[in-house]
Every structure is written in structure tokens, then in C-alpha cells.
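Below is structure-v4.tsv, holding TSV, C-alpha atoms.
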```
chain	number	residue	atom	x	y	z
A	1299	MET	CA	-12.20	-27.60	15.65
A	1300	THR	CA	-9.27	-27.29	18.02
A	1301	ARG	CA	-11.11	-26.52	21.22
A	1302	THR	CA	-10.54	-28.00	24.62
A	1303	ALA	CA	-12.74	-31.09	25.00
A	1304	GLY	CA	-15.90	-30.33	26.92
A	1305	LYS	CA	-15.45	-26.58	26.84
A	1306	GLU	CA	-18.42	-24.70	25.44
A	1307	THR	CA	-18.09	-21.58	23.33
A	1308	ARG	CA	-19.95	-18.88	25.24
A	1309	LEU	CA	-22.00	-16.68	22.89
A	1310	LEU	CA	-23.52	-13.23	23.19
A	1311	ILE	CA	-25.85	-12.33	20.31
A	1312	ALA	CA	-26.86	-8.72	19.59
A	1313	ASP	CA	-29.49	-7.58	17.10
A	1314	ASP	CA	-32.28	-5.04	17.34
A	1315	HIS	CA	-34.80	-7.30	15.57
A	1316	ARG	CA	-36.32	-9.58	18.20
A	1317	VAL	CA	-37.55	-12.22	15.75
A	1318	LEU	CA	-34.08	-12.58	14.20
A	1319	LEU	CA	-32.46	-12.54	17.63
A	1320	ASP	CA	-34.70	-15.35	18.87
A	1321	GLY	CA	-34.08	-17.30	15.68
A	1322	LEU	CA	-30.30	-17.03	15.96
A	1323	SER	CA	-30.41	-17.96	19.63
A	1324	SER	CA	-32.54	-21.02	18.93
A	1325	LEU	CA	-30.39	-22.06	15.97
A	1326	LEU	CA	-27.05	-21.81	17.74
A	1327	SER	CA	-28.33	-23.35	20.96
A	1328	THR	CA	-28.78	-26.63	19.08
A	1329	GLU	CA	-25.16	-26.68	17.89
A	1330	PRO	CA	-22.85	-28.98	19.89
A	1331	GLY	CA	-20.23	-27.02	21.81
A	1332	PHE	CA	-22.10	-23.71	21.69
A	1333	ARG	CA	-23.84	-22.04	24.60
A	1334	VAL	CA	-25.94	-18.91	24.02
A	1335	MET	CA	-25.55	-17.18	27.37
A	1336	SER	CA	-27.31	-13.93	26.58
A	1337	THR	CA	-28.88	-11.75	23.89
A	1338	ALA	CA	-29.01	-7.97	23.49
A	1339	GLU	CA	-30.99	-5.50	21.41
A	1340	THR	CA	-28.74	-2.45	21.90
A	1341	GLY	CA	-25.06	-1.71	22.19
A	1342	LYS	CA	-25.53	-0.64	25.79
A	1343	GLN	CA	-27.07	-4.01	26.64
A	1344	VAL	CA	-24.03	-5.69	25.06
A	1345	ILE	CA	-21.70	-3.74	27.33
A	1346	GLU	CA	-23.82	-4.51	30.39
A	1347	SER	CA	-23.69	-8.23	29.57
A	1348	LEU	CA	-19.93	-8.17	29.01
A	1349	GLU	CA	-19.39	-6.40	32.32
A	1350	GLN	CA	-21.37	-9.09	34.16
A	1351	GLU	CA	-20.31	-12.34	32.45
A	1352	LYS	CA	-17.43	-13.84	30.48
A	1353	TYR	CA	-18.02	-14.56	26.79
A	1354	ASP	CA	-15.92	-16.05	24.01
A	1355	VAL	CA	-17.75	-14.67	20.96
A	1356	CYS	CA	-20.06	-11.72	20.36
A	1357	LEU	CA	-22.26	-11.80	17.25
A	1358	LEU	CA	-22.88	-8.14	16.59
A	1359	ASP	CA	-25.27	-6.30	14.29
A	1360	ILE	CA	-24.28	-2.82	13.11
A	1361	SER	CA	-27.63	-0.99	13.06
A	1362	MET	CA	-28.76	-0.86	16.69
A	1363	PRO	CA	-30.34	1.90	18.78
A	1364	GLU	CA	-28.59	3.86	21.55
A	1365	MET	CA	-25.14	2.59	20.55
A	1366	ASP	CA	-24.45	1.11	17.12
A	1367	GLY	CA	-22.32	-1.94	16.34
A	1368	ILE	CA	-19.29	0.08	15.27
A	1369	GLU	CA	-19.09	1.97	18.56
A	1370	THR	CA	-19.86	-1.20	20.49
A	1371	ALA	CA	-17.08	-3.11	18.70
A	1372	ARG	CA	-14.62	-0.36	19.59
A	1373	TRP	CA	-15.63	-0.63	23.25
A	1374	ILE	CA	-15.20	-4.40	23.20
A	1375	ARG	CA	-11.75	-4.15	21.62
A	1376	SER	CA	-10.64	-1.63	24.24
A	1377	ASN	CA	-12.23	-3.21	27.30
A	1378	ARG	CA	-12.69	-6.93	26.52
A	1379	PRO	CA	-9.91	-7.65	24.01
A	1380	THR	CA	-10.15	-11.44	24.37
A	1381	VAL	CA	-13.75	-11.51	23.13
A	1382	LYS	CA	-14.02	-12.50	19.46
A	1383	ILE	CA	-16.26	-10.20	17.42
A	1384	ILE	CA	-18.24	-11.42	14.42
A	1385	ILE	CA	-20.28	-8.80	12.58
A	1386	LEU	CA	-23.60	-10.17	11.27
A	1387	THR	CA	-25.35	-7.49	9.27
A	1388	THR	CA	-27.05	-6.42	6.03
A	1389	HIS	CA	-24.42	-3.72	5.42
A	1390	ASP	CA	-22.10	-4.69	2.58
A	1391	GLU	CA	-20.61	-1.25	1.87
A	1392	GLU	CA	-16.84	-1.21	1.47
A	1393	GLU	CA	-16.42	1.77	3.79
A	1394	ILE	CA	-18.21	0.06	6.69
A	1395	ILE	CA	-16.45	-3.28	6.16
A	1396	THR	CA	-13.06	-1.55	6.03
A	1397	GLU	CA	-13.82	0.41	9.19
A	1398	MET	CA	-14.76	-2.76	11.05
A	1399	ILE	CA	-11.52	-4.45	9.91
A	1400	GLN	CA	-9.60	-1.46	11.26
A	1401	VAL	CA	-11.46	-1.78	14.57
A	1402	GLY	CA	-10.20	-5.35	14.72
A	1403	VAL	CA	-13.24	-7.61	14.27
A	1404	ASN	CA	-12.56	-11.30	13.78
A	1405	GLY	CA	-15.28	-11.96	11.24
A	1406	TYR	CA	-17.81	-10.24	9.00
A	1407	LEU	CA	-20.88	-12.02	7.62
A	1408	LEU	CA	-24.00	-10.86	5.82
A	1409	LYS	CA	-27.38	-11.95	7.12
A	1410	SER	CA	-27.89	-13.84	3.87
A	1411	SER	CA	-25.19	-16.29	5.04
A	1412	THR	CA	-26.14	-19.91	5.62
A	1413	ARG	CA	-26.39	-21.60	8.99
A	1414	GLN	CA	-23.29	-23.65	8.20
A	1415	GLU	CA	-21.23	-20.57	7.37
A	1416	LEU	CA	-22.23	-18.93	10.64
A	1417	VAL	CA	-21.22	-22.04	12.57
A	1418	THR	CA	-17.96	-22.27	10.62
A	1419	ALA	CA	-17.21	-18.59	11.28
A	1420	ILE	CA	-17.58	-19.08	15.04
A	1421	GLN	CA	-15.38	-22.17	14.96
A	1422	ARG	CA	-12.68	-20.41	12.92
A	1423	VAL	CA	-12.46	-17.32	15.12
A	1424	MET	CA	-12.22	-19.59	18.17
A	1425	GLU	CA	-9.18	-21.13	16.47
A	1426	GLY	CA	-7.62	-17.68	16.21
A	1427	LYS	CA	-8.44	-17.22	12.53
A	1428	LEU	CA	-10.40	-14.57	10.63
A	1429	HIS	CA	-13.57	-15.29	8.67
A	1430	PHE	CA	-15.11	-13.01	6.07
A	1431	SER	CA	-17.92	-14.21	3.82
A	1432	ASP	CA	-17.35	-14.50	0.08
A	1433	GLN	CA	-19.57	-11.49	-0.59
A	1434	VAL	CA	-17.59	-9.39	1.87
A	1435	ASN	CA	-14.26	-10.48	0.38
A	1436	GLU	CA	-15.53	-9.65	-3.10
A	1437	THR	CA	-16.57	-6.17	-2.00
A	1438	LEU	CA	-13.18	-5.55	-0.39
A	1439	LEU	CA	-11.23	-6.84	-3.37
A	1440	LYS	CA	-13.22	-4.78	-5.86
A	1441	GLY	CA	-12.76	-1.65	-3.79
A	1442	TYR	CA	-9.09	-2.28	-3.25
A	1443	ALA	CA	-8.51	-3.08	-6.93
A	1444	THR	CA	-10.14	0.21	-7.90
A	1445	SER	CA	-8.00	2.09	-5.40
A	1446	MET	CA	-4.84	0.41	-6.66
A	1447	GLU	CA	-5.65	1.24	-10.26
A	1448	LYS	CA	-5.83	4.90	-9.33
A	1449	LYS	CA	-2.47	4.71	-7.58
A	1450	ALA	CA	-0.73	2.52	-10.16
A	1451	SER	CA	0.58	5.44	-12.18
A	1452	ARG	CA	2.15	7.04	-9.09
A	1453	GLU	CA	3.66	4.12	-7.19
A	1454	GLN	CA	4.69	0.53	-7.66
A	1455	VAL	CA	5.43	-2.09	-5.07
A	1456	HIS	CA	8.15	-4.63	-5.73
A	1457	LEU	CA	8.39	-7.68	-3.48
A	1458	THR	CA	11.35	-10.04	-3.56
A	1459	VAL	CA	10.92	-13.70	-4.45
A	1460	ARG	CA	11.23	-14.62	-0.77
A	1461	GLU	CA	8.66	-11.99	0.23
A	1462	LEU	CA	6.23	-13.35	-2.39
A	1463	GLU	CA	6.72	-16.85	-1.00
A	1464	ILE	CA	5.85	-15.61	2.48
A	1465	VAL	CA	2.75	-13.74	1.25
A	1466	GLN	CA	1.52	-16.91	-0.46
A	1467	LEU	CA	2.06	-18.96	2.70
A	1468	LEU	CA	0.25	-16.36	4.78
A	1469	ALA	CA	-2.70	-16.69	2.40
A	1470	ARG	CA	-2.69	-20.40	3.26
A	1471	GLU	CA	-2.97	-19.45	6.96
A	1472	TYR	CA	0.59	-20.45	7.85
A	1473	THR	CA	1.93	-19.09	11.14
A	1474	ASN	CA	5.38	-17.51	11.37
A	1475	GLU	CA	6.68	-20.72	12.93
A	1476	LYS	CA	5.29	-22.86	10.13
A	1477	ILE	CA	6.64	-20.49	7.47
A	1478	ALA	CA	10.09	-20.70	9.03
A	1479	ARG	CA	9.99	-24.50	8.89
A	1480	GLU	CA	8.59	-24.55	5.35
A	1481	LEU	CA	11.26	-22.21	3.98
A	1482	ASN	CA	14.05	-23.46	6.25
A	1483	ILE	CA	14.75	-20.00	7.67
A	1484	SER	CA	14.70	-18.61	11.22
A	1485	PHE	CA	11.61	-17.29	12.98
A	1486	ARG	CA	13.26	-13.87	13.31
A	1487	THR	CA	13.97	-13.78	9.56
A	1488	VAL	CA	10.28	-14.43	8.89
A	1489	GLU	CA	9.34	-11.58	11.22
A	1490	THR	CA	11.75	-9.24	9.42
A	1491	HIS	CA	10.35	-10.20	6.02
A	1492	ARG	CA	6.77	-9.66	7.25
A	1493	LYS	CA	7.66	-6.23	8.59
A	1494	ASN	CA	9.23	-5.26	5.26
A	1495	ILE	CA	6.22	-6.59	3.35
A	1496	MET	CA	3.78	-4.59	5.49
A	1497	GLN	CA	5.85	-1.43	5.00
A	1498	LYS	CA	6.11	-1.89	1.24
A	1499	THR	CA	2.42	-2.60	0.75
A	1500	LYS	CA	1.30	-0.06	3.40
A	1501	ALA	CA	-1.03	-2.74	4.79
A	1502	ARG	CA	-2.21	-2.22	8.37
A	1503	ASN	CA	-3.02	-5.87	9.07
A	1504	LEU	CA	-3.07	-9.32	7.49
A	1505	ALA	CA	-6.47	-8.79	5.90
A	1506	GLY	CA	-5.21	-5.63	4.21
A	1507	LEU	CA	-2.08	-7.40	3.01
A	1508	LEU	CA	-4.08	-10.24	1.48
A	1509	LYS	CA	-6.40	-7.76	-0.23
A	1510	PHE	CA	-3.36	-6.08	-1.70
A	1511	ALA	CA	-1.89	-9.39	-2.81
A	1512	TYR	CA	-5.07	-10.57	-4.51
A	1513	SER	CA	-5.67	-7.26	-6.30
A	1514	ASN	CA	-2.07	-7.26	-7.55
A	1515	ARG	CA	-2.27	-10.89	-8.70
A	1516	MET	CA	0.39	-12.05	-6.26
A	1517	LEU	CA	-1.81	-15.01	-5.30
A	1518	PRO	CA	-3.35	-17.72	-7.47
```
As C-alpha cells, what does this structure read like?
Amino acid sequence: MTRTAGKETRLLIADDHRVLLDGLSSLLSTEPGFRVMSTAETGKQVIESLEQEKYDVCLLDISMPEMDGIETARWIRSNRPTVKIIILTTHDEEEIITEMIQVGVNGYLLKSSTRQELVTAIQRVMEGKLHFSDQVNETLLKGYATSMEKKASREQVHLTVRELEIVQLLAREYTNEKIARELNISFRTVETHRKNIMQKTKARNLAGLLKFAYSNRMLP
């Protein structure tokens, strides 16, 4: 994990089930480099905590009283944009997952996830990456594949060889700088290719682009 030595990841955990909340807090408190600073049982309590203290990561349930996780995530994105959001929920419906991606969450896990995956998810989002559990990715890919099948007769997307190379490198978590070095092209050229790719695929973000690429067999 590429984190400054000695710096703890400050966690805020939100869930309306007290037993689960206490369990998560106890579990993560034993992990080196993590500090559970506060817990919350409602969206309003999350906001109150964020207004009083600085946090790095918020683990957020969706079904909460007073203010649900979706509305809370929107508030965080608008008012505390540096806070990483990881959804931890039982909801595996494509519509909800897609909505949370559009809000801009950094991760999405189901409560059936293992302790190690939860720890890994926190570490990855602190590195600036996204983390979606296998079950979540499968739901997204199935939904996207179905949508693409319905559209296949009306529209086709053709990417150039260079654009396909860039998509494949993005799937390997390459940055624009690293792609430029790998392909021996300029940073600005990479940016132009990425813009064209997003326009062609009508993807709103990297997660959407990768969903498109997997469903269209552009990636191994």
C-alpha cells in the first residue's frame, strides 16, 4: 500500500444495524494503519461527523433511516469531495449499483464480502483506485451485456487498433503517463484518444468504459 509511513487511514463507518456496526468497528480497529474515528447509524449522523472531523474513507450502507446512503453519498461528493466512499450493502441490483457509480463512489462491496476484501478495498481506494466486488462486477456486466444486445442492431462502435490498445492498458490500471511511455506517444495524444474512446462508447466514466469493453469482448 502506497501510503505515507505512519499515517493512519481515518475511517467513518455507517450502518443502521448496531451489531454489524460494532463488529465492523472492532474488526477494522485491529488492522494496522486503520483508525476507526467514528460510527453512524443514519445519513444525518454521517454528515454531522464529516462536518466536525476529517476522514479519509466512509464505509456507507444504503438502507438507513432519515437519510439513505444514496442521498448521503451525493452530499459527501458535493461537500467533502476528498473523502473516499465505499458502499457496503446487501443491495446487488444493477440499477442501484449503476446509480452509485454515477454518484462517484470509489468502491462497492456486498456484506457477504470477506474481511480481507474489505481491507483490500480500503487500501485500493486510498491509492486512488476503484474497487468493486466480483459479484458487483458480474451484475454490472450482465446488465450491460443485455443492454448492448438490444442496441446491437441499431448501432455499432468501432475502435481503432490504437484505441483498443489504450482500453486494454486502462483495464490494467495504467495511468495516462504510463500509457504514453508504454506506447511511446505523448501524454496529450493519450488524452485525445481517451476522449474519442469515451465519445464513441458513450461511457460516462472509466468503470462504464470497462463494462463496455468487457461486454463487447475487447478485453481478454
Go through stretch 1464-1489 of chain A and flag each residue having an atom no more than 12 Å from stretch 1412-1430 of chain A; for those, report the closest pair of atoms plus their distance in Å to one decimal, using all atoms listed in the file, ordered by chain and rising number, as JSON lines.
```
{"residue": "A:Leu1468", "atom": "CA", "partner": "A:Lys1427", "partner_atom": "CA", "distance": 11.7}
{"residue": "A:Ala1469", "atom": "CA", "partner": "A:Leu1428", "partner_atom": "CA", "distance": 11.5}
{"residue": "A:Arg1470", "atom": "CA", "partner": "A:Lys1427", "partner_atom": "CA", "distance": 11.4}
{"residue": "A:Glu1471", "atom": "CA", "partner": "A:Lys1427", "partner_atom": "CA", "distance": 8.1}
{"residue": "A:Tyr1472", "atom": "CA", "partner": "A:Lys1427", "partner_atom": "CA", "distance": 10.7}
{"residue": "A:Thr1473", "atom": "CA", "partner": "A:Lys1427", "partner_atom": "CA", "distance": 10.6}
```
Might you pull out every residue within 12 Å of A:Arg1378, with all atoms listed in the file counted and same-chain residues fewer than 6 positions away left off, and present them as a short mmCIF file (atom, residue, chain, number, x, y, z; two decimals) with C-alpha atoms, in the coordinates of the input?
```
data_model
loop_
_atom_site.label_atom_id
_atom_site.label_comp_id
_atom_site.auth_asym_id
_atom_site.auth_seq_id
_atom_site.Cartn_x
_atom_site.Cartn_y
_atom_site.Cartn_z
CA VAL A 1344 -24.03 -5.69 25.06
CA ILE A 1345 -21.70 -3.74 27.33
CA SER A 1347 -23.69 -8.23 29.57
CA LEU A 1348 -19.93 -8.17 29.01
CA GLU A 1349 -19.39 -6.40 32.32
CA GLN A 1350 -21.37 -9.09 34.16
CA GLU A 1351 -20.31 -12.34 32.45
CA LYS A 1352 -17.43 -13.84 30.48
CA TYR A 1353 -18.02 -14.56 26.79
CA ASP A 1354 -15.92 -16.05 24.01
CA VAL A 1355 -17.75 -14.67 20.96
CA CYS A 1356 -20.06 -11.72 20.36
CA THR A 1370 -19.86 -1.20 20.49
CA ALA A 1371 -17.08 -3.11 18.70
CA ARG A 1372 -14.62 -0.36 19.59
#
```
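Reported to one decimal place, the separation of atom CA of A:Ile1383 from atom CA of A:Met1516 is 29.0 Å.
The spacing separating atom CA of A:Lys1500 from atom CA of A:Ile1483 amounts to 24.4 Å.
Using all atoms listed in the file, the shortest contact distance between A:Arg1460 and any of A:Ile1477, A:Leu1325, A:Ile1374, A:Ile1394 is found at A:Ile1477.
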Using all atoms listed in the file, the residue out of A:Leu1386, A:Leu1504, A:Leu1438, A:Leu1517 with shortest distance to A:Gly1402 is A:Leu1504
(request) One decimal, Å: what's the distance from atom CA of A:Ala1478 over to atom CA of A:Thr1490, could you say? (result)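 If I compute the distance from atom CA of A:Ala1478 to atom CA of A:Thr1490, I get 11.6 Å.
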**OP:** Select all residues near (-17.6, -6.0, -2.9) (cut-off 12 Å, inclusive, file coordinates), counting all atoms listed in the file, and output them as a list in words.
**Re:** His1389, Asp1390, Glu1391, Glu1392, Glu1393, Ile1394, Ile1395, Thr1396, Leu1408, Phe1430, Ser1431, Asp1432, Gln1433, Val1434, Asn1435, Glu1436, Thr1437, Leu1438, Leu1439, Lys1440, Gly1441, Tyr1442, Ala1443, Thr1444 and Lys1509 of chain A
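Nearest residue to A:Phe1510 among A:Val1455, A:Leu1357, A:Leu1481, A:Ile1399 is A:Val1455, counting all atoms listed in the file.
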Contacts of A:Glu1364 at 7 Å (all atoms listed in the file; same-chain gap of 2+ positions) as a short mmCIF file (atom, residue, chain, number, x, y, z; two decimals) with C-alpha atoms, keeping the file's coordinate frame:
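Result file is out17.cif:
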```
data_model
loop_
_atom_site.label_atom_id
_atom_site.label_comp_id
_atom_site.auth_asym_id
_atom_site.auth_seq_id
_atom_site.Cartn_x
_atom_site.Cartn_y
_atom_site.Cartn_z
CA THR A 1340 -28.74 -2.45 21.90
CA GLY A 1341 -25.06 -1.71 22.19
CA LYS A 1342 -25.53 -0.64 25.79
CA MET A 1362 -28.76 -0.86 16.69
CA ASP A 1366 -24.45 1.11 17.12
#
```
Min atom-atom distance to A:Leu1508 from the set A:Ile1384, A:Ile1464, A:Val1459, A:Ile1360, counting all atoms listed in the file, belongs to A:Ile1464
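In terms of minimum interatomic distance to A:Val1334, A:Leu1309 ranks closest within A:Leu1462, A:Leu1322, A:Leu1309, A:Val1317, counting all atoms listed in the file.
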Completion of stretch 1306-1325 of chain A up to N, CA and C atoms, as a tab-separated table (two decimals), keeping the file's coordinate frame:
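Result file is rebuild.tsv:
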```tsv
chain	number	residue	atom	x	y	z
A	1306	GLU	N	-17.44	-25.32	26.32
A	1306	GLU	CA	-18.42	-24.70	25.44
A	1306	GLU	C	-17.97	-23.30	25.01
A	1307	THR	N	-18.32	-22.94	23.80
A	1307	THR	CA	-18.09	-21.58	23.33
A	1307	THR	C	-19.25	-20.71	23.81
A	1308	ARG	N	-18.92	-19.73	24.63
A	1308	ARG	CA	-19.95	-18.88	25.24
A	1308	ARG	C	-20.30	-17.73	24.31
A	1309	LEU	N	-21.57	-17.64	23.90
A	1309	LEU	CA	-22.00	-16.68	22.89
A	1309	LEU	C	-22.87	-15.58	23.47
A	1310	LEU	N	-22.64	-14.37	22.94
A	1310	LEU	CA	-23.52	-13.23	23.19
A	1310	LEU	C	-23.99	-12.74	21.83
A	1311	ILE	N	-25.30	-12.69	21.62
A	1311	ILE	CA	-25.85	-12.33	20.31
A	1311	ILE	C	-26.58	-10.99	20.44
A	1312	ALA	N	-26.25	-10.05	19.54
A	1312	ALA	CA	-26.86	-8.72	19.59
A	1312	ALA	C	-27.49	-8.35	18.25
A	1313	ASP	N	-28.76	-8.03	18.29
A	1313	ASP	CA	-29.49	-7.58	17.10
A	1313	ASP	C	-30.75	-6.87	17.57
A	1314	ASP	N	-31.12	-5.80	16.87
A	1314	ASP	CA	-32.28	-5.04	17.34
A	1314	ASP	C	-33.61	-5.59	16.83
A	1315	HIS	N	-33.57	-6.65	16.03
A	1315	HIS	CA	-34.80	-7.30	15.57
A	1315	HIS	C	-35.05	-8.55	16.42
A	1316	ARG	N	-36.08	-8.52	17.23
A	1316	ARG	CA	-36.32	-9.58	18.20
A	1316	ARG	C	-36.54	-10.93	17.54
A	1317	VAL	N	-37.26	-10.94	16.41
A	1317	VAL	CA	-37.55	-12.22	15.75
A	1317	VAL	C	-36.24	-12.87	15.28
A	1318	LEU	N	-35.36	-12.06	14.66
A	1318	LEU	CA	-34.08	-12.58	14.20
A	1318	LEU	C	-33.22	-13.01	15.39
A	1319	LEU	N	-33.25	-12.23	16.44
A	1319	LEU	CA	-32.46	-12.54	17.63
A	1319	LEU	C	-32.88	-13.88	18.23
A	1320	ASP	N	-34.20	-14.08	18.33
A	1320	ASP	CA	-34.70	-15.35	18.87
A	1320	ASP	C	-34.34	-16.51	17.95
A	1321	GLY	N	-34.41	-16.25	16.64
A	1321	GLY	CA	-34.08	-17.30	15.68
A	1321	GLY	C	-32.63	-17.72	15.77
A	1322	LEU	N	-31.73	-16.74	15.84
A	1322	LEU	CA	-30.30	-17.03	15.96
A	1322	LEU	C	-30.00	-17.78	17.26
A	1323	SER	N	-30.62	-17.32	18.32
A	1323	SER	CA	-30.41	-17.96	19.63
A	1323	SER	C	-30.86	-19.41	19.60
A	1324	SER	N	-32.02	-19.66	19.02
A	1324	SER	CA	-32.54	-21.02	18.93
A	1324	SER	C	-31.66	-21.89	18.05
A	1325	LEU	N	-31.22	-21.33	16.93
A	1325	LEU	CA	-30.39	-22.06	15.97
A	1325	LEU	C	-29.06	-22.48	16.59
```
